[in-house]
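For reference, start.pdb (PDB, C-alpha atoms, pLDDT in the B column):
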```pdb
MODEL        1
ATOM      1  CA  MET A   1     103.291  87.814 119.329  1.00 83.00           C
ATOM      2  CA  THR A   2     102.762  89.901 122.442  1.00 88.00           C
ATOM      3  CA  VAL A   3     101.080  93.294 122.549  1.00 89.00           C
ATOM      4  CA  GLU A   4     104.444  94.931 123.302  1.00 90.00           C
ATOM      5  CA  VAL A   5     106.108  93.296 120.285  1.00 91.00           C
ATOM      6  CA  ALA A   6     103.200  94.275 118.051  1.00 90.00           C
ATOM      7  CA  LEU A   7     103.452  97.894 119.196  1.00 91.00           C
ATOM      8  CA  SER A   8     107.198  97.866 118.504  1.00 92.00           C
ATOM      9  CA  VAL A   9     106.692  96.393 115.036  1.00 92.00           C
ATOM     10  CA  MET A  10     104.039  99.002 114.254  1.00 93.00           C
ATOM     11  CA  ALA A  11     106.235 101.847 115.467  1.00 93.00           C
ATOM     12  CA  GLY A  12     109.218 100.584 113.483  1.00 94.00           C
ATOM     13  CA  ALA A  13     107.186 100.100 110.328  1.00 93.00           C
ATOM     14  CA  ARG A  14     105.262 103.355 110.870  1.00 95.00           C
ATOM     15  CA  VAL A  15     101.901 101.678 110.340  1.00 94.00           C
ATOM     16  CA  ASP A  16      98.595 102.006 112.190  1.00 93.00           C
ATOM     17  CA  HIS A  17      97.472  98.373 111.908  1.00 89.00           C
ATOM     18  CA  LEU A  18      98.735  94.813 111.492  1.00 88.00           C
ATOM     19  CA  ILE A  19      97.156  91.937 109.597  1.00 85.00           C
ATOM     20  CA  LEU A  20      97.765  88.802 111.642  1.00 80.00           C
ATOM     21  CA  CYS A  21      98.198  85.314 110.201  1.00 79.00           C
ATOM     22  CA  ASP A  22      98.787  81.866 111.607  1.00 76.00           C
ATOM     23  CA  GLY A  23     101.563  79.454 110.655  1.00 78.00           C
ATOM     24  CA  ASP A  24      99.631  78.384 107.549  1.00 82.00           C
ATOM     25  CA  ASP A  25      99.383  81.983 106.262  1.00 80.00           C
ATOM     26  CA  GLN A  26      95.667  82.034 107.037  1.00 79.00           C
ATOM     27  CA  CYS A  27      94.415  85.426 108.143  1.00 79.00           C
ATOM     28  CA  THR A  28      93.335  85.341 111.785  1.00 75.00           C
ATOM     29  CA  GLY A  29      92.534  89.007 112.299  1.00 77.00           C
ATOM     30  CA  SER A  30      93.810  92.529 112.345  1.00 82.00           C
ATOM     31  CA  VAL A  31      94.658  94.940 115.099  1.00 86.00           C
ATOM     32  CA  THR A  32      95.185  98.697 115.240  1.00 89.00           C
ATOM     33  CA  ARG A  33      97.614 100.692 117.320  1.00 91.00           C
ATOM     34  CA  ALA A  34      94.639 102.348 119.059  1.00 90.00           C
ATOM     35  CA  GLN A  35      93.212  98.939 120.051  1.00 88.00           C
ATOM     36  CA  LEU A  36      96.547  97.906 121.504  1.00 90.00           C
ATOM     37  CA  ALA A  37      96.834 101.175 123.437  1.00 89.00           C
ATOM     38  CA  VAL A  38      93.464 100.475 125.070  1.00 89.00           C
ATOM     39  CA  LEU A  39      94.604  96.960 126.015  1.00 88.00           C
ATOM     40  CA  ARG A  40      97.861  98.252 127.462  1.00 89.00           C
ATOM     41  CA  ALA A  41      96.012 100.842 129.578  1.00 90.00           C
ATOM     42  CA  ALA A  42      93.677  98.215 131.101  1.00 88.00           C
ATOM     43  CA  ALA A  43      94.135  97.236 134.733  1.00 89.00           C
ATOM     44  CA  THR A  44      94.373  93.561 133.711  1.00 86.00           C
ATOM     45  CA  TYR A  45      97.237  94.131 131.244  1.00 88.00           C
ATOM     46  CA  THR A  46     100.467  92.148 131.568  1.00 88.00           C
ATOM     47  CA  ASP A  47     103.489  92.206 129.277  1.00 86.00           C
ATOM     48  CA  ARG A  48     102.753  88.552 128.438  1.00 88.00           C
ATOM     49  CA  LEU A  49      99.368  89.266 126.830  1.00 87.00           C
ATOM     50  CA  ARG A  50      99.357  87.708 123.368  1.00 86.00           C
ATOM     51  CA  LEU A  51      97.470  89.016 120.357  1.00 81.00           C
ATOM     52  CA  ARG A  52      95.806  85.668 119.662  1.00 75.00           C
ATOM     53  CA  ASP A  53      94.184  85.920 123.099  1.00 78.00           C
ATOM     54  CA  VAL A  54      92.531  89.276 122.381  1.00 74.00           C
ATOM     55  CA  LEU A  55      91.318  88.920 118.793  1.00 69.00           C
ATOM     56  CA  ASP A  56      87.529  88.906 118.618  1.00 61.00           C
ATOM     57  CA  ALA A  57      86.773  87.472 115.199  1.00 48.00           C
ATOM     58  CA  PRO A  58      88.512  86.473 111.986  1.00 49.00           C
ATOM     59  CA  VAL A  59      88.621  89.009 109.195  1.00 47.00           C
ATOM     60  CA  ARG A  60      88.595  88.565 105.449  1.00 50.00           C
ATOM     61  CA  PRO A  61      91.945  87.494 103.970  1.00 49.00           C
ATOM     62  CA  PRO A  62      94.379  90.288 103.161  1.00 50.00           C
ATOM     63  CA  SER A  63      95.045  91.268  99.545  1.00 54.00           C
ATOM     64  CA  ARG A  64      98.680  90.242  99.922  1.00 54.00           C
ATOM     65  CA  PRO A  65     100.395  87.376 101.798  1.00 56.00           C
ATOM     66  CA  CYS A  66     100.791  87.718 105.543  1.00 57.00           C
ATOM     67  CA  SER A  67     104.172  88.779 106.866  1.00 54.00           C
ATOM     68  CA  PHE A  68     103.748  88.095 110.574  1.00 50.00           C
ATOM     69  CA  SER A  69     102.824  84.872 112.318  1.00 47.00           C
ATOM     70  CA  LEU A  70     101.284  84.412 115.742  1.00 44.00           C
TER      71      LEU A  70
ENDMDL
END
```
Target format structure tokens, applied to this file:
Amino acid sequence: MTVEVALSVMAGARVDHLILCDGDDQCTGSVTRAQLAVLRAAATYTDRLRLRDVLDAPVRPPSRPCSFSL
């Protein structure tokens, strides 16, 4: 998922963060709208930047199953 798609999903769902999971429904991280805004404002930003390339560290598993895959 690209940063642009993530921002669109967040806007459509009216949420401030996404829990991200891989194809095996394993939690790989989370990201906030504010974090994505900082990435988009960076001089190195391109519309092809993918979330999996900017996640720093895994987070604890969410309390419910993941809905989005990378």
Applying the PyMOL selection byres ((chain A and resi 33) around 10) to the file I just gave you, which residues come out? Please list them as a VMD selection string. chain A and resid 3 6 to 7 10 to 11 15 to 18 31 to 32 34 to 39
Nearest to A:Arg52 by atom-to-atom distance, counting all atoms listed in the file, from A:Arg14, A:Gly23, A:Gly29, A:Ser8: A:Gly29
To one decimal place, how far is atom CA of A:Thr44 from atom CA of A:Thr2 in Å?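 Those two atoms sit 14.5 Å apart.
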I'd like the neighbourhood of A:Arg50 as a list in words, where a residue qualifies if any of its atoms comes within 10 Å (using only C-alpha atoms), though same-chain residues fewer than 4 positions away should be ignored.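 Contacts, with the query itself left out: Met1, Thr2, Val3, Glu4, Val5, Ala6, Thr46, Val54, Leu55 and Leu70 of chain A.
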Rounded to one decimal in Å, what is the spacing between atom CA of A:Gln26 and atom CA of A:Arg48? 23.5 Å
Atom CA of A:Asp25 and atom CA of A:Leu49 are how many Å apart?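 So the answer is 21.8 Å.
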